[in-house]
Each structure stands twice: as structure tokens, then as C-alpha cells.
$ cat data_12.cif   # mmCIF, C-alpha atoms
data_work
#
loop_
_atom_site.group_PDB
_atom_site.id
_atom_site.type_symbol
_atom_site.label_atom_id
_atom_site.label_comp_id
_atom_site.auth_asym_id
_atom_site.auth_seq_id
_atom_site.Cartn_x
_atom_site.Cartn_y
_atom_site.Cartn_z
ATOM 1 C CA MET M 1 100.002 214.711 69.698
ATOM 2 C CA ARG M 2 100.488 211.986 72.307
ATOM 3 C CA SER M 3 97.799 209.789 70.747
ATOM 4 C CA PHE M 4 99.462 210.224 67.343
ATOM 5 C CA ARG M 5 102.788 208.944 68.772
ATOM 6 C CA LEU M 6 100.983 206.016 70.361
ATOM 7 C CA PHE M 7 99.359 205.250 67.007
ATOM 8 C CA ILE M 8 102.756 205.320 65.234
ATOM 9 C CA ILE M 9 104.305 203.008 67.832
ATOM 10 C CA LEU M 10 101.378 200.596 67.586
ATOM 11 C CA ALA M 11 101.501 200.604 63.770
ATOM 12 C CA PHE M 12 105.262 200.010 63.795
ATOM 13 C CA THR M 13 104.914 197.120 66.261
ATOM 14 C CA LEU M 14 102.197 195.474 64.181
ATOM 15 C CA SER M 15 104.214 195.854 60.987
ATOM 16 C CA LEU M 16 107.227 194.185 62.616
ATOM 17 C CA SER M 17 105.122 191.226 63.723
ATOM 18 C CA ALA M 18 104.205 190.572 60.087
ATOM 19 C CA PHE M 19 107.869 189.768 59.396
ATOM 20 C CA THR M 20 108.061 187.114 62.101
ATOM 21 C CA ILE M 21 105.175 184.931 60.932
ATOM 22 C CA ASP M 22 106.203 181.280 60.717
ATOM 23 C CA SER M 23 106.545 180.049 57.128
ATOM 24 C CA LYS M 24 104.246 177.091 57.869
ATOM 25 C CA LYS M 25 101.472 179.528 58.729
ATOM 26 C CA ASN M 26 102.312 181.720 55.754
ATOM 27 C CA PRO M 27 103.525 179.626 52.800
ATOM 28 C CA ASN M 28 103.944 182.829 50.751
ATOM 29 C CA ALA M 29 106.529 184.196 53.182
ATOM 30 C CA VAL M 30 109.739 185.366 51.575
ATOM 31 C CA PRO M 31 112.554 182.900 52.338
ATOM 32 C CA VAL M 32 115.282 184.106 54.671
ATOM 33 C CA LYS M 33 118.661 184.353 52.962
ATOM 34 C CA VAL M 34 121.048 182.297 55.095
ATOM 35 C CA THR M 35 124.824 182.272 54.946
ATOM 36 C CA TRP M 36 127.145 179.514 56.077
ATOM 37 C CA GLU M 37 128.533 182.024 58.572
ATOM 38 C CA THR M 38 125.121 182.131 60.289
ATOM 39 C CA LEU M 39 125.054 178.325 60.483
ATOM 40 C CA ARG M 40 128.328 178.389 62.432
ATOM 41 C CA ASP M 41 126.281 179.281 65.543
ATOM 42 C CA VAL M 42 126.496 175.714 66.832
ATOM 43 C CA THR M 43 128.736 173.907 69.291
ATOM 44 C CA PHE M 44 129.618 170.232 69.366
ATOM 45 C CA LYS M 45 130.396 167.775 72.140
ATOM 46 C CA LYS M 46 131.467 164.181 71.750
ATOM 47 C CA LYS M 47 128.654 161.759 72.577
ATOM 48 C CA TRP M 48 128.739 157.953 72.720
ATOM 49 C CA TYR M 49 126.318 156.196 70.343
ATOM 50 C CA ALA M 50 126.018 152.600 71.533
ATOM 51 C CA ALA M 51 124.153 151.402 68.420
ATOM 52 C CA GLU M 52 127.242 152.148 66.331
ATOM 53 C CA SER M 53 129.815 151.776 69.128
ATOM 54 C CA ILE M 54 131.287 155.164 68.299
ATOM 55 C CA TYR M 55 131.719 158.675 69.636
ATOM 56 C CA MET M 56 130.172 161.298 67.376
ATOM 57 C CA LEU M 57 129.778 165.055 67.526
ATOM 58 C CA HIS M 58 126.427 166.058 69.041
ATOM 59 C CA PRO M 59 125.258 169.596 68.149
ATOM 60 C CA THR M 60 123.791 172.309 70.349
ATOM 61 C CA PHE M 61 122.319 174.952 68.075
ATOM 62 C CA GLY M 62 122.789 178.593 69.049
ATOM 63 C CA PRO M 63 120.037 181.223 69.140
ATOM 64 C CA SER M 64 120.593 182.607 65.620
ATOM 65 C CA VAL M 65 120.244 179.098 64.177
ATOM 66 C CA GLN M 66 117.282 178.230 66.417
ATOM 67 C CA LYS M 67 115.405 181.217 64.917
ATOM 68 C CA LEU M 68 115.725 179.589 61.486
ATOM 69 C CA LYS M 69 114.288 176.223 62.556
ATOM 70 C CA ASN M 70 111.446 175.181 60.225
ATOM 71 C CA GLN M 71 111.729 178.451 58.278
ATOM 72 C CA GLN M 72 111.866 178.833 54.512
ATOM 73 C CA VAL M 73 115.475 179.696 53.718
ATOM 74 C CA THR M 74 117.663 180.292 50.695
ATOM 75 C CA ILE M 75 121.328 179.257 50.728
ATOM 76 C CA THR M 76 124.134 178.952 48.185
ATOM 77 C CA GLY M 77 126.667 176.161 48.177
ATOM 78 C CA TYR M 78 128.395 173.353 46.316
ATOM 79 C CA ILE M 79 126.602 170.131 45.415
ATOM 80 C CA LEU M 80 128.239 166.904 46.582
ATOM 81 C CA PRO M 81 126.698 163.679 45.254
ATOM 82 C CA VAL M 82 126.377 160.967 47.908
ATOM 83 C CA ASP M 83 124.349 158.373 45.975
ATOM 84 C CA LEU M 84 123.398 159.230 42.388
ATOM 85 C CA ASP M 85 121.010 156.270 41.996
ATOM 86 C CA ALA M 86 119.064 157.350 45.086
ATOM 87 C CA ASN M 87 119.259 161.050 44.086
ATOM 88 C CA LEU M 88 120.978 161.752 47.428
ATOM 89 C CA TYR M 89 123.008 164.952 47.625
ATOM 90 C CA VAL M 90 124.624 167.188 50.203
ATOM 91 C CA LEU M 91 125.080 170.945 49.949
ATOM 92 C CA SER M 92 128.459 172.172 51.184
ATOM 93 C CA ALA M 93 129.889 175.569 52.024
ATOM 94 C CA PHE M 94 133.061 174.446 50.269
ATOM 95 C CA PRO M 95 133.942 172.497 47.114
ATOM 96 C CA PHE M 96 134.631 168.768 47.396
ATOM 97 C CA SER M 97 138.382 169.184 47.957
ATOM 98 C CA ALA M 98 137.797 171.314 51.067
ATOM 99 C CA CYS M 99 134.489 169.906 52.332
ATOM 100 C CA PHE M 100 133.696 168.366 55.714
ATOM 101 C CA PHE M 101 134.356 164.839 54.460
ATOM 102 C CA CYS M 102 137.615 165.531 52.629
ATOM 103 C CA GLY M 103 139.151 168.804 53.677
ATOM 104 C CA GLY M 104 138.689 169.058 57.419
ATOM 105 C CA ALA M 105 135.829 171.593 57.579
ATOM 106 C CA GLY M 106 133.270 171.160 60.375
ATOM 107 C CA PRO M 107 129.886 169.425 60.263
ATOM 108 C CA GLU M 108 128.185 172.844 60.262
ATOM 109 C CA THR M 109 129.397 173.344 56.673
ATOM 110 C CA VAL M 110 127.171 170.677 55.083
ATOM 111 C CA MET M 111 123.455 169.935 54.856
ATOM 112 C CA THR M 112 121.338 167.076 53.560
ATOM 113 C CA LEU M 113 119.193 167.984 50.555
ATOM 114 C CA ASN M 114 115.703 166.509 50.385
ATOM 115 C CA PHE M 115 114.461 167.674 46.994
ATOM 116 C CA LYS M 116 110.822 168.545 46.458
ATOM 117 C CA LYS M 117 110.947 166.699 43.126
ATOM 118 C CA ASN M 118 113.336 163.979 42.043
ATOM 119 C CA GLY M 119 114.788 166.025 39.264
ATOM 120 C CA ARG M 120 117.938 166.133 37.308
ATOM 121 C CA LYS M 121 121.318 164.751 38.257
ATOM 122 C CA PHE M 122 123.837 167.236 39.616
ATOM 123 C CA LYS M 123 127.576 167.411 39.105
ATOM 124 C CA THR M 124 130.153 167.495 41.888
ATOM 125 C CA ASP M 125 130.972 171.077 42.904
ATOM 126 C CA GLU M 126 128.065 172.539 40.940
ATOM 127 C CA ARG M 127 127.390 175.850 42.706
ATOM 128 C CA LEU M 128 123.674 176.445 43.269
ATOM 129 C CA THR M 129 121.284 178.537 45.303
ATOM 130 C CA LEU M 130 118.506 176.458 46.835
ATOM 131 C CA THR M 131 115.347 177.242 48.769
ATOM 132 C CA GLY M 132 113.589 174.955 51.238
ATOM 133 C CA THR M 133 112.628 174.442 54.860
ATOM 134 C CA LEU M 134 115.580 174.315 57.241
ATOM 135 C CA LYS M 135 115.392 171.414 59.690
ATOM 136 C CA LEU M 136 117.767 171.104 62.630
ATOM 137 C CA ASN M 137 118.921 167.577 63.419
ATOM 138 C CA ALA M 138 120.627 166.670 66.659
ATOM 139 C CA ASP M 139 119.465 163.078 67.032
ATOM 140 C CA ASP M 140 119.550 161.141 63.746
ATOM 141 C CA ILE M 141 123.186 160.192 63.231
ATOM 142 C CA TYR M 142 122.432 159.030 59.691
ATOM 143 C CA GLN M 143 121.564 162.583 58.568
ATOM 144 C CA MET M 144 123.501 165.837 58.561
ATOM 145 C CA ASN M 145 122.856 168.344 61.367
ATOM 146 C CA TYR M 146 121.212 170.661 58.843
ATOM 147 C CA ILE M 147 118.567 169.390 56.428
ATOM 148 C CA LEU M 148 117.035 171.421 53.604
ATOM 149 C CA ASP M 149 113.605 169.849 53.188
ATOM 150 C CA GLY M 150 111.562 170.395 50.030
ATOM 151 C CA ALA M 151 114.654 171.849 48.345
ATOM 152 C CA GLU M 152 114.249 173.585 44.992
ATOM 153 C CA ILE M 153 116.735 175.411 42.805
ATOM 154 C CA THR M 154 116.229 179.166 43.066
ATOM 155 C CA GLU M 155 116.195 180.745 39.631
#

$ encode --input "data_12.cif" --output "C-alpha cells"
Amino acid sequence: MRSFRLFIILAFTLSLSAFTIDSKKNPNAVPVKVTWETLRDVTFKKKWYAAESIYMLHPTFGPSVQKLKNQQVTITGYILPVDLDANLYVLSAFPFSACFFCGGAGPETVMTLNFKKNGRKFKTDERLTLTGTLKLNADDIYQMNYILDGAEITE
């Protein structure tokens, strides 16, 4: 009976480890569904950037966000065109009128979209669910703090 319990515990432990495999090691891993609420696990401090002669908010990502670093994720939000000619878009938790740039929301409510394919043009406030690799950015002031790399529309 004791060996049977040990077997069950071992089997359970091994099955749990299968769910924590990094998506780079397992490209067939099911993307993690992420909410904007989860991405709020970040704090910001003002930091001086001499190259631009400006103070900017520097992020420190919390543990729940750190777990998502470089993972395949799925997230829903509103498309905000930045440069249509360059196919540059941002995904926002809120529509344009309430977004980080216009409505006073925080920088944790937007992410840069790097599409896998240069596809179609998107409309402002188009609500989409996208899948890609979540990158955390604390150093490049010309990018958002969150970047969805290899982004594709989830059907």
C-alpha cells in the first residue's frame, strides 16, 4: 500500500512537470491565456535617461509576470495603429479613448506587437485575441514594457 502511494505521488509530480516545460523547448505547448489584470504585477520608478534628457518610468516585473517571460501567451485587447506604413501596432487593454497614451491608463496596459507575418491593416479599436511570445522589456525606452513577438491572430 505504501509503495502504491509513493507511485501515485511520483506520477502526479511528473505529470505536473509536463505543464511547466518552456515553450521554446516545446513549440507545441498550449499558450497560456493572459489577462491584463495579470500584467498589472509590475511596479515603476522614475529613472533618468541621459540620451533623451528625460525621466521615464522603469519597470520591475513581479513574480506572476516573470513566470510568463518568453512563454507562448494568448491575450485579448484593442488594436492601436502607431505607424500604418511600417505595420506598427500596439495592443491595449482599453480602447483608444482610454488607453495609456490618451486616457491616463498605465504603461502596463499596452504592448508592442511584432507580427509573425506582415499581414493586413488593422483598424483603431479593433478587438482581437492574439497569440505570441511574451517578452519583458525594462531597458529599451523605444519599445513598450511588454512585447508580443511573433504575434498571430487567434481564430

$ residues_around --input "data_12.cif" --residues "Gly150 in chain M" --least-positions-apart "5" --cutoff "12 Å" --atoms "all atoms listed in the file" --output "PyMOL selection string"
chain M and resi 70-74+112-118+130-135

$ residues_near_point --input "data_12.cif" --point "(121.4, 161.5, 60.0)" --cutoff "12 Å" --atoms "only C-alpha atoms" --output "ChimeraX atom specification"
/M:56-58,90,107,110-113,135-147

$ atom_distance --input "data_12.cif" --atom1 "CA of Gly119 in chain M" --atom2 "CA of Leu88 in chain M"
11.1 Å

$ residues_around --input "data_12.cif" --residues "Arg40 in chain M" --least-positions-apart "3" --cutoff "10 Å" --atoms "only C-alpha atoms" --output "list in words"
Thr35, Trp36, Glu37, Thr43, Phe61, Gly62, Ser64, Val65, Gly106, Pro107, Glu108 and Thr109 of chain M

$ write_last_selection --input "data_12.cif" --atoms "C-alpha atoms" --output "PDB file, in the coordinates of the input"
ATOM      1  CA  THR M  35     124.824 182.272  54.946  1.00  0.00           C
ATOM      2  CA  TRP M  36     127.145 179.514  56.077  1.00  0.00           C
ATOM      3  CA  GLU M  37     128.533 182.024  58.572  1.00  0.00           C
ATOM      4  CA  THR M  43     128.736 173.907  69.291  1.00  0.00           C
ATOM      5  CA  PHE M  61     122.319 174.952  68.075  1.00  0.00           C
ATOM      6  CA  GLY M  62     122.789 178.593  69.049  1.00  0.00           C
ATOM      7  CA  SER M  64     120.593 182.607  65.620  1.00  0.00           C
ATOM      8  CA  VAL M  65     120.244 179.098  64.177  1.00  0.00           C
ATOM      9  CA  GLY M 106     133.270 171.160  60.375  1.00  0.00           C
ATOM     10  CA  PRO M 107     129.886 169.425  60.263  1.00  0.00           C
ATOM     11  CA  GLU M 108     128.185 172.844  60.262  1.00  0.00           C
ATOM     12  CA  THR M 109     129.397 173.344  56.673  1.00  0.00           C
TER      13      THR M 109
END

$ atom_distance --input "data_12.cif" --atom1 "CA of Ala93 in chain M" --atom2 "CA of Lys67 in chain M"
20.2 Å

$ closest_residue --input "data_12.cif" --among "M:Ile54, M:Val30, M:Val82, M:Leu68" --to "Thr124 in chain M" --atoms "only C-alpha atoms"
M:Val82

$ atom_distance --input "data_12.cif" --atom1 "CA of Thr60 in chain M" --atom2 "CA of Ile75 in chain M"
21.0 Å

$ residues_near_point --input "data_12.cif" --point "(126.4, 164.9, 40.3)" --cutoff "7 Å" --atoms "only C-alpha atoms" --output "list in words"
Leu80, Pro81, Leu84, Lys121, Phe122, Lys123 and Thr124 of chain M

$ write_last_selection --input "data_12.cif" --atoms "C-alpha atoms" --output "PDB file, in the frame of the given file"
ATOM      1  CA  LEU M  80     128.239 166.904  46.582  1.00  0.00           C
ATOM      2  CA  PRO M  81     126.698 163.679  45.254  1.00  0.00           C
ATOM      3  CA  LEU M  84     123.398 159.230  42.388  1.00  0.00           C
ATOM      4  CA  LYS M 121     121.318 164.751  38.257  1.00  0.00           C
ATOM      5  CA  PHE M 122     123.837 167.236  39.616  1.00  0.00           C
ATOM      6  CA  LYS M 123     127.576 167.411  39.105  1.00  0.00           C
ATOM      7  CA  THR M 124     130.153 167.495  41.888  1.00  0.00           C
TER       8      THR M 124
END

$ closest_residue --input "data_12.cif" --among "M:Arg120, M:Leu39, M:Lys45, M:Val32" --to "Tyr89 in chain M" --atoms "all atoms listed in the file"
M:Arg120

$ build_atoms --input "data_12.cif" --residues "range 112-146 of chain M" --atoms "N, CA and C atoms" --output "compact mmCIF listing (two decimals), in the coordinates of the input"
# COMPACT_ATOMS: atom_id res chain seq x y z
N THR M 112 122.04 168.05 54.38
CA THR M 112 121.34 167.08 53.56
C THR M 112 120.32 167.82 52.70
N LEU M 113 120.19 167.40 51.45
CA LEU M 113 119.19 167.98 50.56
C LEU M 113 118.09 166.96 50.30
N ASN M 114 116.89 167.31 50.70
CA ASN M 114 115.70 166.51 50.38
C ASN M 114 114.92 167.30 49.34
N PHE M 115 115.08 166.91 48.08
CA PHE M 115 114.46 167.67 46.99
C PHE M 115 112.95 167.49 46.96
N LYS M 116 112.27 168.56 46.59
CA LYS M 116 110.82 168.54 46.46
C LYS M 116 110.42 167.57 45.36
N LYS M 117 111.18 167.60 44.25
CA LYS M 117 110.95 166.70 43.13
C LYS M 117 112.25 165.97 42.84
N ASN M 118 112.14 164.70 42.48
CA ASN M 118 113.34 163.98 42.04
C ASN M 118 113.64 164.44 40.63
N GLY M 119 114.50 165.40 40.55
CA GLY M 119 114.79 166.02 39.26
C GLY M 119 116.06 165.53 38.63
N ARG M 120 116.74 166.45 38.07
CA ARG M 120 117.94 166.13 37.31
C ARG M 120 119.09 165.68 38.20
N LYS M 121 120.10 165.13 37.57
CA LYS M 121 121.32 164.75 38.26
C LYS M 121 122.22 165.98 38.33
N PHE M 122 122.95 166.10 39.41
CA PHE M 122 123.84 167.24 39.62
C PHE M 122 125.28 166.78 39.55
N LYS M 123 126.15 167.70 39.19
CA LYS M 123 127.58 167.41 39.10
C LYS M 123 128.27 167.83 40.40
N THR M 124 129.34 167.14 40.73
CA THR M 124 130.15 167.50 41.89
C THR M 124 130.65 168.93 41.74
N ASP M 125 130.53 169.68 42.82
CA ASP M 125 130.97 171.08 42.90
C ASP M 125 130.12 172.05 42.09
N GLU M 126 128.98 171.61 41.61
CA GLU M 126 128.06 172.54 40.94
C GLU M 126 127.59 173.53 42.01
N ARG M 127 127.77 174.82 41.74
CA ARG M 127 127.39 175.85 42.71
C ARG M 127 125.96 176.30 42.42
N LEU M 128 125.09 176.14 43.44
CA LEU M 128 123.67 176.44 43.27
C LEU M 128 123.13 177.20 44.47
N THR M 129 122.06 177.93 44.23
CA THR M 129 121.28 178.54 45.30
C THR M 129 119.98 177.76 45.40
N LEU M 130 119.68 177.29 46.61
CA LEU M 130 118.51 176.46 46.84
C LEU M 130 117.61 177.08 47.90
N THR M 131 116.33 176.79 47.79
CA THR M 131 115.35 177.24 48.77
C THR M 131 114.61 176.03 49.31
N GLY M 132 114.33 176.03 50.61
CA GLY M 132 113.59 174.96 51.24
C GLY M 132 113.40 175.26 52.71
N THR M 133 112.87 174.28 53.42
CA THR M 133 112.63 174.44 54.86
C THR M 133 113.82 173.90 55.62
N LEU M 134 114.41 174.73 56.47
CA LEU M 134 115.58 174.32 57.24
C LEU M 134 115.15 173.52 58.47
N LYS M 135 115.63 172.29 58.54
CA LYS M 135 115.39 171.41 59.69
C LYS M 135 116.70 171.28 60.46
N LEU M 136 116.60 171.29 61.78
CA LEU M 136 117.77 171.10 62.63
C LEU M 136 117.73 169.68 63.17
N ASN M 137 118.85 168.98 63.03
CA ASN M 137 118.92 167.58 63.42
C ASN M 137 120.03 167.36 64.44
N ALA M 138 119.64 166.98 65.63
CA ALA M 138 120.63 166.67 66.66
C ALA M 138 120.63 165.19 67.02
N ASP M 139 119.63 164.44 66.54
CA ASP M 139 119.46 163.08 67.03
C ASP M 139 119.69 161.96 66.02
N ASP M 140 119.41 162.19 64.76
CA ASP M 140 119.55 161.14 63.75
C ASP M 140 120.97 161.16 63.19
N ILE M 141 121.77 160.21 63.63
CA ILE M 141 123.19 160.19 63.23
C ILE M 141 123.39 159.81 61.77
N TYR M 142 122.33 159.41 61.10
CA TYR M 142 122.43 159.03 59.69
C TYR M 142 122.08 160.19 58.76
N GLN M 143 121.84 161.36 59.33
CA GLN M 143 121.56 162.58 58.57
C GLN M 143 122.56 163.65 59.00
N MET M 144 122.68 164.69 58.18
CA MET M 144 123.50 165.84 58.56
C MET M 144 122.77 166.62 59.65
N ASN M 145 123.48 167.52 60.33
CA ASN M 145 122.86 168.34 61.37
C ASN M 145 121.87 169.35 60.78
N TYR M 146 122.13 169.77 59.55
CA TYR M 146 121.21 170.66 58.84
C TYR M 146 120.60 169.88 57.69
